[in-house]
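Structure data follow from coords23.txt (compact mmCIF, C-alpha atoms):
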```txt
# COMPACT_ATOMS: atom_id res chain seq x y z
CA MET I 25 103.96 116.50 117.00
CA LYS I 26 104.65 118.50 113.87
CA LEU I 27 103.36 118.12 110.31
CA TYR I 28 105.37 119.08 107.24
CA GLN I 29 103.85 119.31 103.78
CA ARG I 30 105.37 120.05 100.42
CA SER I 31 104.57 119.81 96.72
CA LEU I 32 106.89 117.94 94.39
CA ARG I 33 106.69 118.34 90.63
CA LEU I 34 107.80 115.19 88.81
CA LYS I 35 109.23 115.54 85.32
CA ALA I 36 107.30 113.92 82.48
CA ARG I 37 108.01 110.22 82.14
CA ARG I 38 107.07 107.70 79.49
CA ARG I 39 104.08 105.41 80.07
CA GLY I 40 105.05 102.68 82.50
CA PHE I 41 106.20 102.12 86.08
CA HIS I 42 109.06 104.19 87.52
CA ILE I 43 110.85 104.15 90.89
CA ILE I 44 110.72 107.53 92.65
CA THR I 45 111.72 106.58 96.21
CA SER I 46 114.77 108.82 96.45
CA GLU I 47 113.04 111.84 94.88
CA VAL I 48 110.34 111.53 97.55
CA ALA I 49 112.79 111.07 100.43
CA GLN I 50 114.88 114.06 99.33
CA ALA I 51 111.84 116.33 99.07
CA LEU I 52 111.42 116.28 102.86
CA PRO I 53 114.78 116.96 104.54
CA GLU I 54 112.91 117.24 107.89
CA ILE I 55 112.52 113.47 107.83
CA ILE I 56 115.86 113.03 109.61
CA THR I 57 114.41 114.79 112.68
CA ILE I 58 111.51 112.30 113.01
CA LYS I 59 112.08 109.39 115.38
CA ALA I 60 108.65 107.83 114.81
CA GLY I 61 106.13 109.15 112.32
CA MET I 62 104.29 108.75 109.02
CA CYS I 63 104.78 109.92 105.45
CA GLN I 64 102.00 110.11 102.89
CA VAL I 65 102.56 110.70 99.17
CA PHE I 66 99.53 111.80 97.16
CA ILE I 67 99.31 112.27 93.38
CA GLN I 68 96.90 115.00 92.24
CA HIS I 69 95.87 113.26 89.01
CA THR I 70 93.35 110.66 87.86
CA SER I 71 95.36 108.97 85.10
CA ALA I 72 98.57 108.24 86.99
CA SER I 73 98.93 106.49 90.33
CA LEU I 74 101.29 105.38 93.09
CA THR I 75 102.10 101.97 94.49
CA ILE I 76 104.86 100.23 96.46
CA ASN I 77 106.59 97.21 94.99
CA GLU I 78 109.88 95.51 94.13
CA ASN I 79 112.74 97.99 93.82
CA ALA I 80 115.51 95.93 92.25
CA ASP I 81 114.68 94.12 89.02
CA PRO I 82 113.41 96.36 86.19
CA THR I 83 111.59 93.40 84.60
CA VAL I 84 109.08 93.56 87.47
CA ARG I 85 108.05 97.05 86.30
CA GLN I 86 107.85 95.86 82.71
CA ASP I 87 105.60 93.00 83.81
CA PHE I 88 103.39 95.49 85.67
CA GLU I 89 102.93 97.45 82.44
CA MET I 90 102.17 94.26 80.49
CA PHE I 91 99.72 92.91 83.08
CA PHE I 92 97.72 96.12 83.50
CA ASN I 93 97.50 96.63 79.73
CA LYS I 94 96.17 93.11 79.35
CA THR I 95 93.72 93.41 82.24
CA VAL I 96 92.40 96.92 81.52
CA LYS I 97 91.94 96.85 77.78
CA GLU I 98 92.10 99.84 75.44
CA ASN I 99 89.41 100.22 72.83
CA ASP I 100 86.77 98.21 74.68
CA PRO I 101 83.67 99.04 72.60
CA ASP I 102 81.71 99.27 75.86
CA TYR I 103 83.56 102.39 77.02
CA LEU I 104 81.38 105.51 76.89
CA HIS I 105 84.22 107.87 77.85
CA ASP I 106 86.34 107.47 74.72
CA TYR I 107 86.97 110.94 73.29
CA GLU I 108 90.24 111.71 75.10
CA GLY I 109 92.17 108.89 73.43
CA SER I 110 92.25 105.12 73.76
CA ASP I 111 94.64 105.32 76.73
CA ASP I 112 92.40 107.65 78.77
CA MET I 113 89.62 105.52 80.26
CA PRO I 114 92.03 102.61 80.96
CA ALA I 115 94.27 105.15 82.74
CA HIS I 116 91.41 106.17 85.06
CA LEU I 117 90.64 102.53 85.88
CA LYS I 118 94.27 101.60 86.51
CA ALA I 119 94.64 104.67 88.75
CA SER I 120 91.80 103.47 91.01
CA ILE I 121 92.95 99.84 91.06
CA LEU I 122 96.42 100.95 92.15
CA SER I 123 95.47 104.09 94.17
CA CYS I 124 96.49 107.75 94.22
CA SER I 125 98.48 107.58 97.46
CA VAL I 126 100.93 105.55 99.46
CA MET I 127 101.63 105.89 103.16
CA ILE I 128 104.82 104.72 104.80
CA PRO I 129 105.89 104.65 108.46
CA VAL I 130 108.96 106.72 109.33
CA SER I 131 111.43 105.30 111.89
CA ASN I 132 114.66 106.86 113.10
CA GLY I 133 114.66 109.53 110.40
CA ARG I 134 114.03 107.21 107.45
CA LEU I 135 111.15 105.71 105.49
CA ALA I 136 110.58 102.29 107.11
CA LEU I 137 110.33 100.44 103.81
CA GLY I 138 111.20 96.76 103.61
CA THR I 139 114.49 95.84 101.93
CA TRP I 140 112.86 95.23 98.57
CA GLN I 141 110.22 97.96 98.63
CA GLY I 142 110.29 101.10 96.49
CA ILE I 143 107.71 103.73 95.56
CA TYR I 144 106.47 103.48 91.96
CA LEU I 145 105.05 106.31 89.90
CA CYS I 146 102.58 104.51 87.61
CA GLU I 147 102.22 106.61 84.47
CA HIS I 148 99.17 105.31 82.63
CA ARG I 149 98.99 107.81 79.78
CA ASP I 150 101.04 107.91 76.57
CA GLN I 151 101.71 111.64 77.08
CA GLY I 152 101.03 112.23 80.76
CA GLY I 153 103.35 115.20 81.11
CA GLU I 154 104.60 116.47 84.46
CA ARG I 155 102.86 115.12 87.56
CA ASN I 156 102.27 116.83 90.88
CA LEU I 157 102.70 115.16 94.27
CA VAL I 158 101.82 116.41 97.74
CA ILE I 159 104.09 114.88 100.39
CA SER I 160 103.06 115.06 104.04
CA LEU I 161 105.15 114.02 107.04
CA TRP I 162 104.25 114.00 110.71
CA GLY I 163 105.60 112.52 113.91
CA ASP I 164 107.83 113.13 116.90
CA MET U 6 98.94 114.14 120.30
CA LYS U 7 101.21 111.15 120.64
CA LEU U 8 102.41 108.58 118.09
CA TYR U 9 103.22 104.98 118.98
CA GLN U 10 104.97 102.62 116.59
CA ARG U 11 105.86 98.97 116.88
CA SER U 12 107.00 96.07 114.72
CA LEU U 13 105.02 92.85 114.71
CA ARG U 14 106.47 89.63 113.33
CA LEU U 15 103.74 87.35 111.93
CA LYS U 16 104.37 83.62 111.89
CA ALA U 17 104.56 81.92 108.49
CA ARG U 18 101.14 81.12 107.04
CA ARG U 19 100.09 79.08 104.04
CA ARG U 20 99.23 80.88 100.80
CA GLY U 21 95.81 82.46 101.12
CA PHE U 22 93.87 85.06 103.09
CA HIS U 23 94.07 85.11 106.89
CA ILE U 24 92.36 87.26 109.53
CA ILE U 25 94.86 89.05 111.80
CA THR U 26 92.65 91.68 113.47
CA SER U 27 93.23 90.60 117.05
CA GLU U 28 96.98 90.15 116.61
CA VAL U 29 97.16 93.74 115.37
CA ALA U 30 94.95 95.13 118.14
CA GLN U 31 96.93 93.34 120.85
CA ALA U 32 100.26 94.61 119.52
CA LEU U 33 99.40 98.15 120.63
CA PRO U 34 98.09 98.12 124.20
CA GLU U 35 98.23 101.97 124.18
CA ILE U 36 95.15 101.92 121.94
CA ILE U 37 92.87 101.92 125.01
CA THR U 38 94.18 105.39 125.92
CA ILE U 39 93.18 106.91 122.55
CA LYS U 40 89.80 108.62 122.45
CA ALA U 41 90.06 109.64 118.78
CA GLY U 42 92.93 108.65 116.53
CA MET U 43 94.26 106.57 113.66
CA CYS U 44 96.02 103.22 113.24
CA GLN U 45 98.06 102.26 110.21
CA VAL U 46 99.32 98.74 109.52
CA PHE U 47 102.12 98.42 106.97
CA ILE U 48 103.63 95.20 105.59
CA GLN U 49 107.32 95.42 104.66
CA HIS U 50 107.11 92.95 101.77
CA THR U 51 106.26 92.98 98.06
CA SER U 52 104.69 89.54 97.73
CA ALA U 53 102.16 89.69 100.56
CA SER U 54 99.62 92.40 101.23
CA LEU U 55 96.91 93.70 103.57
CA THR U 56 93.23 94.42 103.02
CA ILE U 57 90.02 94.78 105.03
CA ASN U 58 87.07 92.54 104.31
CA GLU U 59 84.43 90.18 105.69
CA ASN U 60 85.45 88.69 109.05
CA ALA U 61 82.91 85.91 109.57
CA ASP U 62 82.56 83.36 106.79
CA PRO U 63 85.79 81.54 105.84
CA THR U 64 84.44 80.85 102.34
CA VAL U 65 84.88 84.57 101.56
CA ARG U 66 88.65 84.18 102.08
CA GLN U 67 88.67 81.02 99.95
CA ASP U 68 86.86 82.91 97.18
CA PHE U 69 89.46 85.69 97.42
CA GLU U 70 92.21 83.12 96.82
CA MET U 71 90.29 81.60 93.89
CA PHE U 72 89.48 84.98 92.30
CA PHE U 73 93.00 86.43 92.51
CA ASN U 74 94.54 83.22 91.17
CA LYS U 75 92.17 83.32 88.20
CA THR U 76 92.70 87.05 87.56
CA VAL U 77 96.48 87.18 88.02
CA LYS U 78 97.62 84.05 86.22
CA GLU U 79 100.75 82.08 86.95
CA ASN U 80 102.94 81.00 84.05
CA ASP U 81 101.83 83.79 81.70
CA PRO U 82 104.43 83.42 78.92
CA ASP U 83 104.58 87.23 78.75
CA TYR U 84 106.19 87.54 82.20
CA LEU U 85 109.85 88.58 82.00
CA HIS U 86 110.43 88.22 85.77
CA ASP U 87 109.99 84.45 86.04
CA TYR U 88 113.13 83.04 87.70
CA GLU U 89 111.91 83.17 91.32
CA GLY U 90 109.08 80.68 90.78
CA SER U 91 105.72 80.75 89.07
CA ASP U 92 104.07 82.29 92.14
CA ASP U 93 106.49 85.23 92.37
CA MET U 94 105.44 87.73 89.69
CA PRO U 95 101.71 87.11 90.37
CA ALA U 96 102.47 87.77 94.06
CA HIS U 97 103.96 91.19 93.23
CA LEU U 98 100.92 92.11 91.12
CA LYS U 99 98.40 90.94 93.72
CA ALA U 100 100.29 92.90 96.38
CA SER U 101 99.87 96.16 94.45
CA ILE U 102 96.23 95.50 93.55
CA LEU U 103 95.42 94.91 97.21
CA SER U 104 97.97 97.29 98.80
CA CYS U 105 100.70 97.04 101.44
CA SER U 106 98.83 98.97 104.13
CA VAL U 107 95.48 99.51 105.78
CA MET U 108 94.49 102.47 107.89
CA ILE U 109 91.68 102.40 110.42
CA PRO U 110 90.19 105.14 112.62
CA VAL U 111 90.42 104.58 116.38
CA SER U 112 87.48 105.64 118.54
CA ASN U 113 87.12 105.28 122.31
CA GLY U 114 90.13 103.01 122.63
CA ARG U 115 89.20 100.58 119.84
CA LEU U 116 89.66 100.11 116.11
CA ALA U 117 86.51 101.66 114.58
CA LEU U 118 85.90 98.77 112.19
CA GLY U 119 82.41 98.01 110.94
CA THR U 120 80.66 94.96 112.41
CA TRP U 121 81.74 92.71 109.54
CA GLN U 122 85.20 94.12 108.89
CA GLY U 123 88.46 92.34 109.70
CA ILE U 124 92.08 92.83 108.68
CA TYR U 125 93.36 90.21 106.22
CA LEU U 126 96.96 89.17 105.74
CA CYS U 127 97.08 88.21 102.07
CA GLU U 128 99.89 85.68 101.63
CA HIS U 129 100.55 85.41 97.91
CA ARG U 130 103.55 83.08 97.95
CA ASP U 131 103.63 79.30 98.37
CA GLN U 132 106.42 79.61 100.95
CA GLY U 133 106.24 83.20 102.11
CA GLY U 134 107.71 82.60 105.55
CA GLU U 135 107.38 85.05 108.43
CA ARG U 136 106.13 88.54 107.57
CA ASN U 137 106.97 91.82 109.23
CA LEU U 138 104.42 94.55 109.99
CA VAL U 139 104.96 98.08 111.28
CA ILE U 140 101.96 99.30 113.27
CA SER U 141 101.57 103.02 113.96
CA LEU U 142 99.00 104.66 116.19
CA TRP U 143 98.37 108.33 116.89
CA GLY U 144 95.66 110.47 118.40
CA ASP U 145 94.44 112.11 121.59
CA MET X 17 98.18 119.27 116.47
CA LYS X 18 94.52 118.39 116.87
CA LEU X 19 92.49 115.46 115.54
CA TYR X 20 88.79 115.70 114.70
CA GLN X 21 86.64 112.67 113.98
CA ARG X 22 83.03 112.34 112.96
CA SER X 23 80.62 109.77 111.55
CA LEU X 24 78.68 110.53 108.40
CA ARG X 25 75.66 108.48 107.37
CA LEU X 26 75.22 108.39 103.59
CA LYS X 27 71.73 107.90 102.20
CA ALA X 28 71.09 104.73 100.19
CA ARG X 29 72.25 104.99 96.58
CA ARG X 30 71.75 102.73 93.62
CA ARG X 31 74.53 100.33 92.61
CA GLY X 32 77.27 102.28 90.85
CA PHE X 33 79.83 105.03 91.41
CA HIS X 34 78.77 108.32 93.02
CA ILE X 35 80.65 111.54 93.79
CA ILE X 36 80.52 112.47 97.48
CA THR X 37 83.30 115.10 97.72
CA SER X 38 81.15 117.96 98.99
CA GLU X 39 79.28 115.80 101.52
CA VAL X 40 82.63 114.79 103.00
CA ALA X 41 84.04 118.33 103.02
CA GLN X 42 80.91 119.72 104.69
CA ALA X 43 80.95 117.07 107.40
CA LEU X 44 84.08 118.61 108.92
CA PRO X 45 83.66 122.38 109.27
CA GLU X 46 86.92 122.47 111.30
CA ILE X 47 88.80 121.92 108.04
CA ILE X 48 88.96 125.68 107.44
CA THR X 49 91.15 126.05 110.54
CA ILE X 50 93.79 123.60 109.25
CA LYS X 51 96.74 125.15 107.41
CA ALA X 52 98.49 121.83 106.73
CA GLY X 53 97.00 118.47 107.62
CA MET X 54 95.42 115.21 106.52
CA CYS X 55 91.89 113.88 106.05
CA GLN X 56 90.99 110.20 106.00
CA VAL X 57 87.60 108.85 104.95
CA PHE X 58 86.81 105.27 106.00
CA ILE X 59 83.75 103.21 105.03
CA GLN X 60 82.62 100.67 107.66
CA HIS X 61 81.36 98.09 105.16
CA THR X 62 82.73 95.22 103.10
CA SER X 63 80.52 95.48 100.03
CA ALA X 64 80.97 99.17 99.23
CA SER X 65 84.21 101.08 98.85
CA LEU X 66 85.87 104.45 98.28
CA THR X 67 88.20 105.71 95.58
CA ILE X 68 89.35 108.99 94.03
CA ASN X 69 88.86 109.62 90.33
CA GLU X 70 87.58 111.96 87.63
CA ASN X 71 84.98 114.38 88.96
CA ALA X 72 83.52 115.88 85.78
CA ASP X 73 82.21 113.46 83.17
CA PRO X 74 79.51 111.04 84.42
CA THR X 75 80.42 108.53 81.68
CA VAL X 76 83.65 107.81 83.58
CA ARG X 77 81.57 106.53 86.51
CA GLN X 78 79.41 104.47 84.13
CA ASP X 79 82.54 102.95 82.63
CA PHE X 80 83.78 102.09 86.14
CA GLU X 81 80.55 100.16 86.76
CA MET X 82 80.83 98.39 83.41
CA PHE X 83 84.52 97.51 83.86
CA PHE X 84 84.21 96.14 87.39
CA ASN X 85 81.14 94.08 86.48
CA LYS X 86 83.05 92.57 83.56
CA THR X 87 86.20 91.91 85.60
CA VAL X 88 84.57 90.58 88.77
CA LYS X 89 81.88 88.30 87.41
CA GLU X 90 78.64 87.42 89.14
CA ASN X 91 77.57 83.78 89.21
CA ASP X 92 81.05 82.34 88.83
CA PRO X 93 80.37 78.66 89.62
CA ASP X 94 83.65 78.61 91.57
CA TYR X 95 82.31 80.95 94.29
CA LEU X 96 81.71 79.13 97.57
CA HIS X 97 80.14 82.17 99.27
CA ASP X 98 76.99 82.44 97.15
CA TYR X 99 74.00 82.40 99.51
CA GLU X 100 73.66 86.18 100.02
CA GLY X 101 72.84 86.89 96.37
CA SER X 102 74.81 86.94 93.13
CA ASP X 103 76.02 90.50 93.79
CA ASP X 104 77.46 89.71 97.23
CA MET X 105 80.79 87.94 96.66
CA PRO X 106 81.66 90.24 93.71
CA ALA X 107 80.92 93.19 96.03
CA HIS X 108 83.47 91.92 98.58
CA LEU X 109 86.11 91.50 95.87
CA LYS X 110 85.49 94.92 94.32
CA ALA X 111 85.66 96.49 97.79
CA SER X 112 89.17 95.12 98.35
CA ILE X 113 90.40 95.97 94.85
CA LEU X 114 89.26 99.58 95.31
CA SER X 115 89.79 99.92 99.10
CA CYS X 116 87.71 100.98 102.09
CA SER X 117 89.45 104.31 102.63
CA VAL X 118 90.91 107.35 100.93
CA MET X 119 93.33 109.83 102.45
CA ILE X 120 93.79 113.35 101.20
CA PRO X 121 96.19 116.10 102.25
CA VAL X 122 94.60 119.30 103.59
CA SER X 123 96.19 122.64 102.63
CA ASN X 124 95.03 126.11 103.62
CA GLY X 125 91.70 124.89 104.94
CA ARG X 126 90.74 122.74 101.95
CA LEU X 127 91.15 119.21 100.63
CA ALA X 128 94.23 119.38 98.38
CA LEU X 129 92.64 117.42 95.56
CA GLY X 130 93.82 117.91 91.98
CA THR X 131 91.53 119.85 89.65
CA TRP X 132 89.89 116.73 88.26
CA GLN X 133 89.80 114.61 91.42
CA GLY X 134 86.66 113.74 93.36
CA ILE X 135 85.81 111.16 96.03
CA TYR X 136 83.66 108.28 94.78
CA LEU X 137 81.35 106.16 96.87
CA CYS X 138 81.46 102.79 95.08
CA GLU X 139 78.20 100.99 95.84
CA HIS X 140 78.67 97.38 94.80
CA ARG X 141 75.35 95.91 95.97
CA ASP X 142 71.95 96.08 94.32
CA GLN X 143 70.33 97.09 97.62
CA GLY X 144 73.22 98.37 99.73
CA GLY X 145 71.14 100.69 101.87
CA GLU X 146 72.61 103.50 103.92
CA ARG X 147 76.39 103.49 104.39
CA ASN X 148 78.42 104.73 107.32
CA LEU X 149 81.66 106.71 106.99
CA VAL X 150 84.15 107.75 109.67
CA ILE X 151 85.95 110.96 108.72
CA SER X 152 89.14 111.92 110.53
CA LEU X 153 91.07 115.17 110.20
CA TRP X 154 94.32 116.25 111.82
CA GLY X 155 96.92 118.95 111.37
CA ASP X 156 98.01 122.40 112.44
```
Before we go any further, please render this structure as structure tokens.
Amino acid sequence: MKLYQRSLRLKARRRGFHIITSEVAQALPEIITIKAGMCQVFIQHTSASLTINENADPTVRQDFEMFFNKTVKENDPDYLHDYEGSDDMPAHLKASILSCSVMIPVSNGRLALGTWQGIYLCEHRDQGGERNLVISLWGD
Amino acid sequence: MKLYQRSLRLKARRRGFHIITSEVAQALPEIITIKAGMCQVFIQHTSASLTINENADPTVRQDFEMFFNKTVKENDPDYLHDYEGSDDMPAHLKASILSCSVMIPVSNGRLALGTWQGIYLCEHRDQGGERNLVISLWGD
Amino acid sequence: MKLYQRSLRLKARRRGFHIITSEVAQALPEIITIKAGMCQVFIQHTSASLTINENADPTVRQDFEMFFNKTVKENDPDYLHDYEGSDDMPAHLKASILSCSVMIPVSNGRLALGTWQGIYLCEHRDQGGERNLVISLWGD
């Protein structure tokens, strides 16, 4: 079994939820040689996150942004960590609720996602800037 | 090191939280040959999810259903994605909060779960139907 | 490729969020031999959890405790599972929202965490006691 690993720098995106499935798949051309394996995508930040969800209707991503803003409030007077901007502490919380990695089986040279599944970059900051991923792939 | 991968079709279950630990373990008979390894279970859907939690008292699973229904409301007038039923957008959100995969170490031919841990299928839709898992196993 | 696996017993900690990155890294001395690989940390409990977040400012961890206590209420009269103490059912829910494992790429003999990332033990019980981790490491 072999393991491949590569960094992928994502361009800055506006706050919200963005599909990055094809960027991830293209970053590892060796995937076509894997009959059965695994792919992990890890984001090296604490105010952006990764999740897998519906890949077709953009209103789903808008509803994600609405829901998480409503559930993890900005400007809660109980926050102690408030000096990096009102979007900072909520960004940390959202990142842990959603998680900093996704892991997907690989079958016959492709990510074995369901028909409606895509990988989301969840950008929780107003000015998050570029984001760094580490993509790992292993299998036979 | 070898990697085994198999699909497992779960029968339709009612909305709620269901223990599927033994179904998963039985789907990969090769597990008994693994002294030290890993098992990942991945659900290929965006309105059902997987988590690990208490395996003994059924009221825990009922409280999960109650809590997530209270926290991720149906019929929020702010939802834009509302044409697939009032349970649809909440199902997508719950799926990302809980996650579409679990990963468990394998030791001496068995899933190295804690005494009280079991794998839950989290069915977030009223009529979710059958669900497809991909189970991957690797190790020595 | 080789896979290493070890148990790590964590001493009892008070309820809250605690950084355990160096304890985890030290538990697997073989990590320095891995050029490219993966590390998974799994907690064998259902009322404590693991996540990755900001490793520098302790107020972030205090805000995590505040936020999760506010979001997952104790003494909700709708809980059915209430006989193990008011912190018990909320602990199960928090554990599934945050997750029982983290998985980190390994590059050049080290965990490939971002500059500001650390591993948190999330102790959700008032008297959780010692906690058991299984740490797995594989790669070339």
Interface, chain U side, toward chain X (9 Å; all atoms listed in the file) as a ChimeraX atom specification: /U:6,41-43,56-59,62-65,67-69,71-72,76,102-104,107-110,112,117-122,144-145
Which residues are near Gln50 in chain I? Cut-off 12 Å, only C-alpha atoms, ignore same chain within fewer than 3 positions. Put them as a PDB file with C-alpha atoms, keeping the file's coordinate frame.
```pdb
ATOM      1  CA  ARG I  30     105.370 120.050 100.420  1.00  0.00           C
ATOM      2  CA  LEU I  32     106.890 117.940  94.390  1.00  0.00           C
ATOM      3  CA  ILE I  44     110.720 107.530  92.650  1.00  0.00           C
ATOM      4  CA  THR I  45     111.720 106.580  96.210  1.00  0.00           C
ATOM      5  CA  SER I  46     114.770 108.820  96.450  1.00  0.00           C
ATOM      6  CA  GLU I  47     113.040 111.840  94.880  1.00  0.00           C
ATOM      7  CA  PRO I  53     114.780 116.960 104.540  1.00  0.00           C
ATOM      8  CA  GLU I  54     112.910 117.240 107.890  1.00  0.00           C
ATOM      9  CA  ILE I  55     112.520 113.470 107.830  1.00  0.00           C
ATOM     10  CA  ILE I  56     115.860 113.030 109.610  1.00  0.00           C
ATOM     11  CA  GLY I 133     114.660 109.530 110.400  1.00  0.00           C
ATOM     12  CA  ARG I 134     114.030 107.210 107.450  1.00  0.00           C
ATOM     13  CA  LEU I 135     111.150 105.710 105.490  1.00  0.00           C
ATOM     14  CA  ILE I 159     104.090 114.880 100.390  1.00  0.00           C
TER      15      ILE I 159
END
```
Atomic distance CA of Ile35 in chain X - CA of Asn71 in chain X, expressed in Å with one decimal: 7.1 Å
Polymer residues at most 10 Å from (105.5, 115.8, 85.0) by all atoms listed in the file, as a list in words: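 Every polymer residue passing the test: Leu32, Arg33, Leu34, Lys35, Ala36, Arg37, Arg38, Glu147, Gln151, Gly152, Gly153, Glu154, Arg155, Asn156 and Leu157 of chain I.
Going from CA of Asn91 in chain X over to CA of Phe73 in chain U, you cover 16.0 Å.
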One-decimal distance in Å that lies between CA of Ala53 in chain U and CA of Arg20 in chain U: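 A separation of 9.3 Å between them.
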Selected residue of minimal separation from Lys110 in chain X among X:Phe33, X:Val40, X:Ala72, X:Gly134, counting all atoms listed in the file: X:Phe33
